[in-house]
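upload-v3.pdb (PDB, C-alpha atoms, pLDDT in the B column)
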ATOM      1  CA  MET A1099      90.178 103.944  24.900  1.00 46.00           C
ATOM      2  CA  ARG A1100      86.712 103.713  26.410  1.00 49.00           C
ATOM      3  CA  ARG A1101      85.252 106.076  23.821  1.00 52.00           C
ATOM      4  CA  SER A1102      86.344 103.762  21.046  1.00 55.00           C
ATOM      5  CA  GLN A1103      84.378 100.921  22.677  1.00 63.00           C
ATOM      6  CA  GLY A1104      80.993 102.575  22.387  1.00 63.00           C
ATOM      7  CA  TYR A1105      81.158 104.755  25.465  1.00 64.00           C
ATOM      8  CA  ASN A1106      78.685 107.563  25.018  1.00 67.00           C
ATOM      9  CA  TYR A1107      79.656 110.496  27.159  1.00 67.00           C
ATOM     10  CA  GLN A1108      76.827 112.811  28.006  1.00 67.00           C
ATOM     11  CA  PRO A1109      77.599 115.821  30.145  1.00 63.00           C
ATOM     12  CA  VAL A1110      75.635 116.172  33.364  1.00 56.00           C
ATOM     13  CA  PRO A1111      73.304 119.195  33.394  1.00 58.00           C
ATOM     14  CA  GLN A1112      74.392 121.871  35.844  1.00 57.00           C
ATOM     15  CA  SER A1113      70.892 122.776  37.071  1.00 55.00           C
ATOM     16  CA  ALA A1114      71.201 121.858  40.735  1.00 51.00           C
ATOM     17  CA  PRO A1115      74.398 121.116  42.669  1.00 60.00           C
ATOM     18  CA  SER A1116      72.966 118.142  44.611  1.00 68.00           C
ATOM     19  CA  SER A1117      71.494 116.479  41.544  1.00 77.00           C
ATOM     20  CA  SER A1118      74.726 116.930  39.607  1.00 80.00           C
ATOM     21  CA  HIS A1119      76.652 115.426  42.496  1.00 83.00           C
ATOM     22  CA  ASP A1120      74.281 112.441  42.575  1.00 88.00           C
ATOM     23  CA  ALA A1121      74.541 112.006  38.817  1.00 87.00           C
ATOM     24  CA  LEU A1122      78.340 112.137  38.963  1.00 90.00           C
ATOM     25  CA  GLU A1123      78.352 109.660  41.822  1.00 91.00           C
ATOM     26  CA  GLU A1124      76.073 107.335  39.861  1.00 92.00           C
ATOM     27  CA  GLU A1125      78.276 107.585  36.777  1.00 92.00           C
ATOM     28  CA  ASN A1126      81.373 106.892  38.876  1.00 93.00           C
ATOM     29  CA  GLU A1127      79.717 103.801  40.344  1.00 93.00           C
ATOM     30  CA  ARG A1128      78.731 102.554  36.898  1.00 94.00           C
ATOM     31  CA  MET A1129      82.238 103.116  35.547  1.00 94.00           C
ATOM     32  CA  ALA A1130      83.738 101.399  38.609  1.00 94.00           C
ATOM     33  CA  GLU A1131      81.558  98.355  37.926  1.00 94.00           C
ATOM     34  CA  GLU A1132      82.652  98.315  34.273  1.00 94.00           C
ATOM     35  CA  LEU A1133      86.271  98.556  35.359  1.00 95.00           C
ATOM     36  CA  LYS A1134      85.777  95.730  37.859  1.00 95.00           C
ATOM     37  CA  GLY A1135      84.389  93.528  35.078  1.00 94.00           C
ATOM     38  CA  LYS A1136      87.304  94.329  32.792  1.00 95.00           C
ATOM     39  CA  ILE A1137      89.807  93.642  35.570  1.00 96.00           C
ATOM     40  CA  GLY A1138      88.139  90.272  36.224  1.00 95.00           C
ATOM     41  CA  ALA A1139      88.377  89.392  32.536  1.00 95.00           C
ATOM     42  CA  LEU A1140      92.062  90.382  32.456  1.00 96.00           C
ATOM     43  CA  LYS A1141      92.740  88.338  35.588  1.00 96.00           C
ATOM     44  CA  THR A1142      91.112  85.266  34.055  1.00 96.00           C
ATOM     45  CA  LEU A1143      93.051  85.781  30.826  1.00 97.00           C
ATOM     46  CA  THR A1144      96.317  86.164  32.756  1.00 97.00           C
ATOM     47  CA  ILE A1145      95.660  82.944  34.703  1.00 97.00           C
ATOM     48  CA  ASP A1146      94.907  81.086  31.465  1.00 97.00           C
ATOM     49  CA  ILE A1147      98.108  82.410  29.875  1.00 97.00           C
ATOM     50  CA  GLY A1148     100.101  81.304  32.935  1.00 96.00           C
ATOM     51  CA  ASN A1149      98.607  77.809  32.769  1.00 97.00           C
ATOM     52  CA  GLU A1150      99.397  77.576  29.064  1.00 97.00           C
ATOM     53  CA  VAL A1151     102.986  78.729  29.649  1.00 97.00           C
ATOM     54  CA  ARG A1152     103.476  76.086  32.349  1.00 97.00           C
ATOM     55  CA  LEU A1153     102.070  73.382  30.044  1.00 97.00           C
ATOM     56  CA  GLN A1154     104.305  74.467  27.146  1.00 96.00           C
ATOM     57  CA  ASP A1155     107.310  74.522  29.486  1.00 96.00           C
ATOM     58  CA  ARG A1156     106.632  70.934  30.575  1.00 96.00           C
ATOM     59  CA  LEU A1157     106.323  69.873  26.940  1.00 95.00           C
ATOM     60  CA  LEU A1158     109.595  71.584  26.032  1.00 95.00           C
ATOM     61  CA  VAL A1159     111.417  69.986  28.960  1.00 95.00           C
ATOM     62  CA  GLY A1160     110.098  66.593  27.832  1.00 94.00           C
ATOM     63  CA  MET A1161     111.244  67.239  24.283  1.00 94.00           C
ATOM     64  CA  ASP A1162     114.661  68.312  25.546  1.00 93.00           C
ATOM     65  CA  ASP A1163     115.003  65.093  27.533  1.00 92.00           C
ATOM     66  CA  ASP A1164     113.959  63.029  24.506  1.00 91.00           C
ATOM     67  CA  MET A1165     116.446  64.832  22.262  1.00 91.00           C
ATOM     68  CA  GLU A1166     119.221  64.325  24.785  1.00 91.00           C
ATOM     69  CA  SER A1167     118.404  60.620  24.983  1.00 90.00           C
ATOM     70  CA  THR A1168     118.316  60.333  21.194  1.00 91.00           C
ATOM     71  CA  SER A1169     121.595  62.178  20.941  1.00 90.00           C
ATOM     72  CA  GLY A1170     123.213  59.681  23.313  1.00 89.00           C
ATOM     73  CA  ILE A1171     121.892  56.726  21.336  1.00 91.00           C
ATOM     74  CA  LEU A1172     123.071  58.257  18.050  1.00 90.00           C
ATOM     75  CA  LYS A1173     126.508  58.961  19.535  1.00 92.00           C
ATOM     76  CA  ASN A1174     126.849  55.347  20.655  1.00 91.00           C
ATOM     77  CA  THR A1175     125.734  54.076  17.253  1.00 89.00           C
ATOM     78  CA  MET A1176     128.177  56.318  15.411  1.00 88.00           C
ATOM     79  CA  GLY A1177     130.952  55.116  17.727  1.00 88.00           C
ATOM     80  CA  ARG A1178     130.143  51.525  16.820  1.00 85.00           C
ATOM     81  CA  VAL A1179     130.061  52.326  13.102  1.00 79.00           C
ATOM     82  CA  LEU A1180     133.420  54.098  13.308  1.00 81.00           C
ATOM     83  CA  ARG A1181     134.887  51.246  15.312  1.00 81.00           C
ATOM     84  CA  LEU A1182     133.586  48.831  12.687  1.00 72.00           C
ATOM     85  CA  GLY A1183     135.168  50.948   9.958  1.00 69.00           C
ATOM     86  CA  LYS A1184     138.530  51.051  11.695  1.00 77.00           C
ATOM     87  CA  GLY A1185     138.626  47.270  11.990  1.00 70.00           C
ATOM     88  CA  GLY A1186     140.519  45.107   9.552  1.00 64.00           C
ATOM     89  CA  HIS A1187     137.316  43.906   7.901  1.00 66.00           C
ATOM     90  CA  ARG A1188     136.786  46.076   4.853  1.00 66.00           C
ATOM     91  CA  ASN A1189     134.055  43.760   3.662  1.00 76.00           C
ATOM     92  CA  TYR A1190     131.739  44.885   6.464  1.00 74.00           C
ATOM     93  CA  MET A1191     131.825  48.487   5.262  1.00 74.00           C
ATOM     94  CA  CYS A1192     131.118  47.327   1.724  1.00 81.00           C
ATOM     95  CA  TYR A1193     128.184  45.219   2.932  1.00 84.00           C
ATOM     96  CA  MET A1194     126.834  48.155   4.953  1.00 83.00           C
ATOM     97  CA  PHE A1195     127.103  50.463   1.937  1.00 87.00           C
ATOM     98  CA  LEU A1196     125.298  47.929  -0.250  1.00 91.00           C
ATOM     99  CA  PHE A1197     122.618  47.466   2.403  1.00 93.00           C
ATOM    100  CA  VAL A1198     121.978  51.227   2.628  1.00 93.00           C
ATOM    101  CA  LEU A1199     121.918  51.450  -1.152  1.00 95.00           C
ATOM    102  CA  ALA A1200     119.386  48.593  -1.322  1.00 95.00           C
ATOM    103  CA  ILE A1201     117.155  50.269   1.274  1.00 95.00           C
ATOM    104  CA  LEU A1202     117.255  53.561  -0.616  1.00 95.00           C
ATOM    105  CA  LEU A1203     116.426  51.795  -3.863  1.00 94.00           C
ATOM    106  CA  LEU A1204     113.553  49.961  -2.183  1.00 94.00           C
ATOM    107  CA  LEU A1205     112.176  53.234  -0.786  1.00 93.00           C
ATOM    108  CA  TYR A1206     112.431  54.835  -4.214  1.00 93.00           C
ATOM    109  CA  VAL A1207     110.507  52.012  -5.837  1.00 93.00           C
ATOM    110  CA  VAL A1208     107.833  51.973  -3.146  1.00 91.00           C
ATOM    111  CA  LEU A1209     107.338  55.727  -3.326  1.00 91.00           C
ATOM    112  CA  LYS A1210     107.319  55.700  -7.127  1.00 89.00           C
ATOM    113  CA  LEU A1211     104.582  53.037  -7.251  1.00 87.00           C
ATOM    114  CA  ARG A1212     102.260  54.960  -4.940  1.00 78.00           C
TER     115      ARG A1212
END
Let's see the structure in the file written out as structure tokens.
Amino acid sequence: MRRSQGYNYQPVPQSAPSSSHDALEEENERMAEELKGKIGALKTLTIDIGNEVRLQDRLLVGMDDDMESTSGILKNTMGRVLRLGKGGHRNYMCYMFLFVLAILLLLYVVLKLR
């Protein structure tokens, strides 16, 4: 993975044991610093992802509450409409049908004239 990111490996010359040990130690320190930087970046990214997940969760909970509230209102409205339909007044259902038809016709005309 590190070679694909521009890491240029150059073997340490084997001339003297102490100099090769120092060079290896220096390379290890440099690589440890690179790794520390990458770990810091990953930690920051992970924290940002966690914050985003918490925000999205709050939004979804809010949407769920709104949908539940809307569902209750719609259920009550449908109950009233059904109760109105079961009543002895057939004229009310006819008036409601004509009203809905008039609204749909009005919307059609308005949208057609745009």
Exercise. Mind pulling up the distance from atom CA of Gly1170 of chain A to atom CA of Leu1153 of chain A?
Worked result: 26.1 Å
Exercise. Could you state the separation of atom CA of Arg1181 of chain A and atom CA of Met1194 of chain A in Å, given to one decimal place?
Worked result: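 Computed distance, atom CA of Arg1181 of chain A to atom CA of Met1194 of chain A, equals 13.5 Å.
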Exercise. Leaving out Val1179 of chain A and any residue of its chain fewer than 6 positions from it, which residues lie within 12 Å of it when counting all atoms listed in the file, given as a VMD selection string?
Worked result: chain A and resid 1172 to 1173 1185 1190 to 1191 1194 to 1195
Give me a file of those residues, with C-alpha atoms, as a JSON list (two decimals), in the coordinates of the input.
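To be explicit, this is the file written out as selection-v8.json:
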[["chain", "number", "residue", "atom", "x", "y", "z"],
["A", 1172, "LEU", "CA", 123.07, 58.26, 18.05],
["A", 1173, "LYS", "CA", 126.51, 58.96, 19.54],
["A", 1185, "GLY", "CA", 138.63, 47.27, 11.99],
["A", 1190, "TYR", "CA", 131.74, 44.88, 6.46],
["A", 1191, "MET", "CA", 131.82, 48.49, 5.26],
["A", 1194, "MET", "CA", 126.83, 48.16, 4.95],
["A", 1195, "PHE", "CA", 127.10, 50.46, 1.94]]
